[in-house]
Amino acid sequence: MPKPRVFPALSLFVTATAGRNLTRTASIAVTAGVVMMVLLTVDPAYEAAHHWVDAVLWACLAFFVFEWVVRLRYAFAAKRGRAYALSGRGLVDAIAAAAVPLAILLGANPKTAWLMGVFWLLKVVPGIPGLRQLRRVLVLESGPLLSVLVIFLMVLFLASVAVHALERGVQPIAFGSVPATLWWAVATLTTTGYGDVVPITPLGRLVAGVVMICGLGVFGLWTGILATGFAAETRRDNFLKTWESVSKVPFFAALGPAAIADVTHMLRTMDLPARTMIIRKGQVGDCMYFLAEGAVEVDLPGKKIALGEGAFFGEMALLGNNLRSANIATTRVSKLLVLDLVDFRVLMARHPDLAETIDAEAKRRAQENK
């Protein structure tokens, strides 16, 4: 890898630029470049500030060329230059750096060449939250989605042939061929309905009505498939996050994978900032808490007790005394796992060893609180 530069700030900037994530500088460059590209197409605005527009565009282009060169250099130094150059990220970097200069070299008008700057927007794609989840949903649901696409294409072609046969005699220009009729079929099946081309025969209008209904059904299927896939993927992500939190609690360390999965399904996570009151004395309790991350403070008469990661509290309300006996608040940012009363009873029935541990701890705390 390249040795550190003389200037630490420059070294840090180059290292950040070579990284995988979209830097703040790159985000500013993309935003400024796209805004200037838009102003380039507005003649009054460009004439009033053409020097600034041109300067910002060239500065953005220079940064993207610099970014591409730095990443290429680091990739070849790490012996993965070919992999980077042929990856999606490498191709996007190359297009962002070379599209505008290549268009200018090929003789395009400068205003037209700068329109290639729209490819700079592709650089923000890897940083879009949830994109990985969307890709996973599309992969997992690719079979049903492709099946609906086949139905869509079948209806599209059948409707085009039918309306061509019914309308070509009265509207030879609009429906004189199947390719010409496909425009009407696409506009109708997507329920867009521009109205520039419409059937006028009774049978043609009947087919059009059926096509509209089919369009609603097709897009309803696509929406349902994607919504179900996203819901399943969200449940999976939440389960994995809760599993990770549960595994950090020493109280559950002795449980096997099946038991941890059982516990994970029952617990819900709660992220709280510092100095947040969790339990107030005298309230009716219906849940207990496990501290996965952070710390809390128990305010007892005459003393305060600090609890750290792995501790649990609030169990007394589930073991008979449903009134809270102390105030408990977070002392720093904390992640809690909450177990409700119904789930508590089910869990204790399934895992007697946990029930014994909680009962023993509750008796010990009851003695301490006297």
# chains A, B, ... in the order shown; residues from 1 in each chain; ligands from 1
>>> residues_around(residues="stretch 232-241 of chain A", least_positions_apart="2", cutoff="8 Å", atoms="only C-alpha atoms", output="VMD selection string")
chain A and resid 133 137 228 to 230 243 to 245 264 to 265
>>> residues_around(residues="stretch 294-306 of chain A", least_positions_apart="3", cutoff="9 Å", atoms="only C-alpha atoms", output="MDAnalysis selection string")
chainID A and resid 274:275 278 291 309 311 325:336 369
>>> write_last_selection(atoms="N, CA and C atoms", output="mmCIF file, in the first residue's frame")
data_model
loop_
_atom_site.group_PDB
_atom_site.id
_atom_site.type_symbol
_atom_site.label_atom_id
_atom_site.label_comp_id
_atom_site.auth_asym_id
_atom_site.auth_seq_id
_atom_site.Cartn_x
_atom_site.Cartn_y
_atom_site.Cartn_z
ATOM 1 N N ALA A 274 -29.923 8.302 26.973
ATOM 2 C CA ALA A 274 -29.542 8.434 28.381
ATOM 3 C C ALA A 274 -30.581 9.236 29.152
ATOM 4 N N ARG A 275 -30.655 8.955 30.459
ATOM 5 C CA ARG A 275 -31.551 9.655 31.393
ATOM 6 C C ARG A 275 -33.022 9.518 30.999
ATOM 7 N N ILE A 278 -37.423 4.337 32.795
ATOM 8 C CA ILE A 278 -37.986 3.086 32.276
ATOM 9 C C ILE A 278 -39.135 2.610 33.161
ATOM 10 N N LEU A 291 -30.916 -6.117 29.926
ATOM 11 C CA LEU A 291 -30.067 -5.042 29.445
ATOM 12 C C LEU A 291 -29.013 -5.614 28.501
ATOM 13 N N GLU A 309 -24.476 -4.238 31.465
ATOM 14 C CA GLU A 309 -24.890 -5.162 30.407
ATOM 15 C C GLU A 309 -25.019 -6.581 30.954
ATOM 16 N N ALA A 311 -27.563 -7.581 32.837
ATOM 17 C CA ALA A 311 -28.467 -7.605 33.991
ATOM 18 C C ALA A 311 -29.916 -7.628 33.519
ATOM 19 N N SER A 325 -41.370 -1.459 42.510
ATOM 20 C CA SER A 325 -40.874 -1.085 43.834
ATOM 21 C C SER A 325 -39.767 -0.042 43.794
ATOM 22 N N ALA A 326 -39.357 0.396 42.594
ATOM 23 C CA ALA A 326 -38.269 1.371 42.511
ATOM 24 C C ALA A 326 -38.330 2.100 41.175
ATOM 25 N N ASN A 327 -37.698 3.271 41.155
ATOM 26 C CA ASN A 327 -37.515 3.989 39.899
ATOM 27 C C ASN A 327 -36.249 3.493 39.214
ATOM 28 N N ILE A 328 -36.337 3.245 37.909
ATOM 29 C CA ILE A 328 -35.176 2.771 37.148
ATOM 30 C C ILE A 328 -35.065 3.617 35.887
ATOM 31 N N ALA A 329 -33.863 4.163 35.654
ATOM 32 C CA ALA A 329 -33.635 5.029 34.486
ATOM 33 C C ALA A 329 -32.300 4.670 33.853
ATOM 34 N N THR A 330 -32.163 4.958 32.582
ATOM 35 C CA THR A 330 -30.906 4.719 31.884
ATOM 36 C C THR A 330 -29.891 5.791 32.273
ATOM 37 N N THR A 331 -28.636 5.408 32.344
ATOM 38 C CA THR A 331 -27.566 6.371 32.613
ATOM 39 C C THR A 331 -26.784 6.706 31.342
ATOM 40 N N ARG A 332 -26.956 5.902 30.314
ATOM 41 C CA ARG A 332 -26.381 6.200 28.997
ATOM 42 C C ARG A 332 -27.235 5.501 27.938
ATOM 43 N N VAL A 333 -26.904 5.717 26.696
ATOM 44 C CA VAL A 333 -27.672 5.097 25.619
ATOM 45 C C VAL A 333 -27.690 3.585 25.821
ATOM 46 N N SER A 334 -28.900 2.997 25.806
ATOM 47 C CA SER A 334 -29.048 1.583 26.163
ATOM 48 C C SER A 334 -29.983 0.874 25.205
ATOM 49 N N LYS A 335 -29.751 -0.428 25.094
ATOM 50 C CA LYS A 335 -30.656 -1.292 24.326
ATOM 51 C C LYS A 335 -31.225 -2.325 25.286
ATOM 52 N N LEU A 336 -32.554 -2.361 25.383
ATOM 53 C CA LEU A 336 -33.236 -3.275 26.286
ATOM 54 C C LEU A 336 -33.986 -4.328 25.497
ATOM 55 N N ASN A 369 -33.680 -5.596 49.329
ATOM 56 C CA ASN A 369 -34.516 -4.402 49.344
ATOM 57 C C ASN A 369 -35.242 -4.206 50.670
#
>>> closest_atom_pairs(of="stretch 78-138 of chain A", to="stretch 142-164 of chain A", cutoff="12 Å", atoms="only C-alpha atoms", output="CSV")
residue,atom,partner,partner_atom,distance
A:Leu134,CA,A:Ser142,CA,11.6
A:Arg135,CA,A:Ser142,CA,10.1
A:Arg136,CA,A:Ser142,CA,9.6
A:Val137,CA,A:Ser142,CA,8.1
A:Leu138,CA,A:Ser142,CA,5.5
>>> write_last_selection(atoms="C-alpha atoms", output="PDB file, in the first residue's frame")
ATOM      1  CA  LEU A 134     -34.284  -4.544  -2.122  1.00  0.00           C
ATOM      2  CA  ARG A 135     -31.779  -6.593  -4.100  1.00  0.00           C
ATOM      3  CA  ARG A 136     -32.267  -9.572  -1.791  1.00  0.00           C
ATOM      4  CA  VAL A 137     -36.053  -9.321  -2.113  1.00  0.00           C
ATOM      5  CA  LEU A 138     -35.805  -9.191  -5.915  1.00  0.00           C
TER       6      LEU A 138
END
>>> atom_distance(atom1="atom CA of A:Ala185", atom2="atom CA of A:Gly204")
11.7 Å
>>> residues_around(residues="stretch 347-359 of chain A", least_positions_apart="4", cutoff="8 Å", atoms="only C-alpha atoms", output="JSON list (two decimals) with all heavy atoms, in the first residue's frame")
[["chain", "number", "residue", "atom", "x", "y", "z"],
["A", 263, "VAL", "N", -36.44, -17.73, 22.50],
["A", 263, "VAL", "CA", -36.43, -16.48, 23.27],
["A", 263, "VAL", "C", -36.50, -15.28, 22.34],
["A", 263, "VAL", "O", -37.21, -14.30, 22.60],
["A", 263, "VAL", "CB", -35.17, -16.42, 24.16],
["A", 263, "VAL", "CG1", -35.05, -15.06, 24.82],
["A", 263, "VAL", "CG2", -35.22, -17.52, 25.21],
["A", 315, "GLU", "N", -38.49, -8.10, 37.08],
["A", 315, "GLU", "CA", -39.08, -9.44, 37.15],
["A", 315, "GLU", "C", -40.05, -9.60, 38.32],
["A", 315, "GLU", "O", -40.93, -10.47, 38.29],
["A", 315, "GLU", "CB", -37.97, -10.49, 37.23],
["A", 315, "GLU", "CG", -37.28, -10.63, 38.58],
["A", 315, "GLU", "CD", -36.36, -9.46, 38.89],
["A", 315, "GLU", "OE1", -36.06, -8.67, 37.96],
["A", 315, "GLU", "OE2", -35.96, -9.33, 40.05],
["A", 319, "LEU", "N", -43.68, -11.96, 39.05],
["A", 319, "LEU", "CA", -43.63, -13.09, 39.99],
["A", 319, "LEU", "C", -44.60, -12.93, 41.15],
["A", 319, "LEU", "O", -44.44, -13.57, 42.18],
["A", 319, "LEU", "CB", -42.19, -13.24, 40.53],
["A", 319, "LEU", "CG", -41.13, -13.63, 39.50],
["A", 319, "LEU", "CD1", -39.74, -13.58, 40.11],
["A", 319, "LEU", "CD2", -41.43, -15.01, 38.94],
["A", 343, "ASP", "N", -45.67, -13.87, 27.47],
["A", 343, "ASP", "CA", -44.50, -14.55, 26.95],
["A", 343, "ASP", "C", -43.59, -15.04, 28.07],
["A", 343, "ASP", "O", -42.93, -16.08, 27.94],
["A", 343, "ASP", "CB", -43.72, -13.62, 26.01],
["A", 343, "ASP", "CG", -44.50, -13.28, 24.75],
["A", 343, "ASP", "OD1", -45.28, -14.14, 24.31],
["A", 343, "ASP", "OD2", -44.33, -12.17, 24.22],
["A", 363, "LYS", "N", -35.66, -13.56, 44.67],
["A", 363, "LYS", "CA", -35.63, -13.71, 46.13],
["A", 363, "LYS", "C", -34.43, -12.98, 46.73],
["A", 363, "LYS", "O", -34.54, -12.36, 47.80],
["A", 363, "LYS", "CB", -35.59, -15.19, 46.48],
["A", 363, "LYS", "CG", -36.89, -15.93, 46.17],
["A", 363, "LYS", "CD", -36.78, -17.40, 46.51],
["A", 363, "LYS", "CE", -38.09, -18.13, 46.20],
["A", 363, "LYS", "NZ", -38.00, -19.58, 46.49]]
>>> closest_residue(among="A:Pro44, A:Gly90, A:Gly33, A:Gly176", to="A:Val118", atoms="only C-alpha atoms")
A:Gly33
>>> atom_distance(atom1="atom CA of A:Arg71", atom2="atom CA of A:Tyr84")
8.4 Å
>>> atom_distance(atom1="atom CA of A:Met277", atom2="atom CA of A:Leu341")
20.2 Å
>>> closest_residue(among="A:Leu216, A:Leu221, A:Ile95, A:Val56", to="A:Ala32", atoms="only C-alpha atoms")
A:Val56
>>> closest_atom_pairs(of="stretch 196-314 of chain A", to="stretch 168-174 of chain A", cutoff="10 Å", atoms="only C-alpha atoms", output="CSV")
residue,atom,partner,partner_atom,distance
A:Asp196,CA,A:Ala174,CA,9.3
A:Val197,CA,A:Ala174,CA,6.5
A:Val198,CA,A:Ala174,CA,8.5
A:Pro199,CA,A:Gln171,CA,8.4
A:Ile200,CA,A:Val170,CA,8.2
A:Thr201,CA,A:Val170,CA,8.3
>>> write_last_selection(atoms="all heavy atoms", output="PDB file, in the first residue's frame")
ATOM      1  N   ASP A 196     -54.598   9.185 -26.749  1.00  0.00           N
ATOM      2  CA  ASP A 196     -54.230   9.595 -28.103  1.00  0.00           C
ATOM      3  C   ASP A 196     -54.668   8.561 -29.135  1.00  0.00           C
ATOM      4  O   ASP A 196     -54.946   8.898 -30.282  1.00  0.00           O
ATOM      5  CB  ASP A 196     -52.716   9.824 -28.203  1.00  0.00           C
ATOM      6  CG  ASP A 196     -51.915   8.612 -27.726  1.00  0.00           C
ATOM      7  OD1 ASP A 196     -52.493   7.763 -27.009  1.00  0.00           O
ATOM      8  OD2 ASP A 196     -50.722   8.519 -28.057  1.00  0.00           O
ATOM      9  N   VAL A 197     -54.744   7.288 -28.709  1.00  0.00           N
ATOM     10  CA  VAL A 197     -55.197   6.206 -29.590  1.00  0.00           C
ATOM     11  C   VAL A 197     -56.190   5.372 -28.799  1.00  0.00           C
ATOM     12  O   VAL A 197     -55.838   4.801 -27.768  1.00  0.00           O
ATOM     13  CB  VAL A 197     -54.020   5.329 -30.057  1.00  0.00           C
ATOM     14  CG1 VAL A 197     -54.531   4.213 -30.957  1.00  0.00           C
ATOM     15  CG2 VAL A 197     -52.975   6.159 -30.784  1.00  0.00           C
ATOM     16  N   VAL A 198     -57.440   5.290 -29.280  1.00  0.00           N
ATOM     17  CA  VAL A 198     -58.466   4.521 -28.565  1.00  0.00           C
ATOM     18  C   VAL A 198     -59.309   3.734 -29.564  1.00  0.00           C
ATOM     19  O   VAL A 198     -59.541   4.185 -30.693  1.00  0.00           O
ATOM     20  CB  VAL A 198     -59.392   5.455 -27.749  1.00  0.00           C
ATOM     21  CG1 VAL A 198     -58.634   6.132 -26.629  1.00  0.00           C
ATOM     22  CG2 VAL A 198     -60.043   6.493 -28.647  1.00  0.00           C
ATOM     23  N   PRO A 199     -59.771   2.544 -29.156  1.00  0.00           N
ATOM     24  CA  PRO A 199     -60.676   1.777 -30.029  1.00  0.00           C
ATOM     25  C   PRO A 199     -62.034   2.481 -30.119  1.00  0.00           C
ATOM     26  O   PRO A 199     -62.482   3.123 -29.161  1.00  0.00           O
ATOM     27  CB  PRO A 199     -60.803   0.429 -29.327  1.00  0.00           C
ATOM     28  CG  PRO A 199     -59.681   0.384 -28.331  1.00  0.00           C
ATOM     29  CD  PRO A 199     -59.404   1.800 -27.954  1.00  0.00           C
ATOM     30  N   ILE A 200     -62.679   2.331 -31.264  1.00  0.00           N
ATOM     31  CA  ILE A 200     -64.000   2.948 -31.431  1.00  0.00           C
ATOM     32  C   ILE A 200     -65.073   1.914 -31.747  1.00  0.00           C
ATOM     33  O   ILE A 200     -66.264   2.228 -31.674  1.00  0.00           O
ATOM     34  CB  ILE A 200     -63.964   4.026 -32.532  1.00  0.00           C
ATOM     35  CG1 ILE A 200     -63.526   3.431 -33.874  1.00  0.00           C
ATOM     36  CG2 ILE A 200     -63.074   5.180 -32.128  1.00  0.00           C
ATOM     37  CD1 ILE A 200     -63.582   4.418 -35.025  1.00  0.00           C
ATOM     38  N   THR A 201     -64.694   0.700 -32.071  1.00  0.00           N
ATOM     39  CA  THR A 201     -65.691  -0.338 -32.333  1.00  0.00           C
ATOM     40  C   THR A 201     -66.140  -0.936 -30.998  1.00  0.00           C
ATOM     41  O   THR A 201     -65.376  -0.934 -30.024  1.00  0.00           O
ATOM     42  CB  THR A 201     -65.121  -1.435 -33.232  1.00  0.00           C
ATOM     43  OG1 THR A 201     -64.047  -2.099 -32.556  1.00  0.00           O
ATOM     44  CG2 THR A 201     -64.607  -0.856 -34.547  1.00  0.00           C
TER      45      THR A 201
END
>>> select_by_dssp(residues="stretch 196-294 of chain A", states="strand (DSSP E or B)", output="list in words")
Arg268, Thr269, Met270, Asp271, Leu272, Met277, Ile278, Ile279, Val284, Cys287, Met288, Tyr289, Phe290, Leu291, Ala292 and Glu293 of chain A
>>> residues_around(residues="A:Ser27", least_positions_apart="3", cutoff="10 Å", atoms="only C-alpha atoms", output="ChimeraX atom specification")
/A:22-24,30-33,120-121,123-124,127
>>> select_by_dssp(residues="stretch 80-194 of chain A", states="alpha helix (DSSP H)", output="number ranges by chain")
A: 81-86, 88-105, 110-114, 131-140, 142-167, 172-175, 178-189
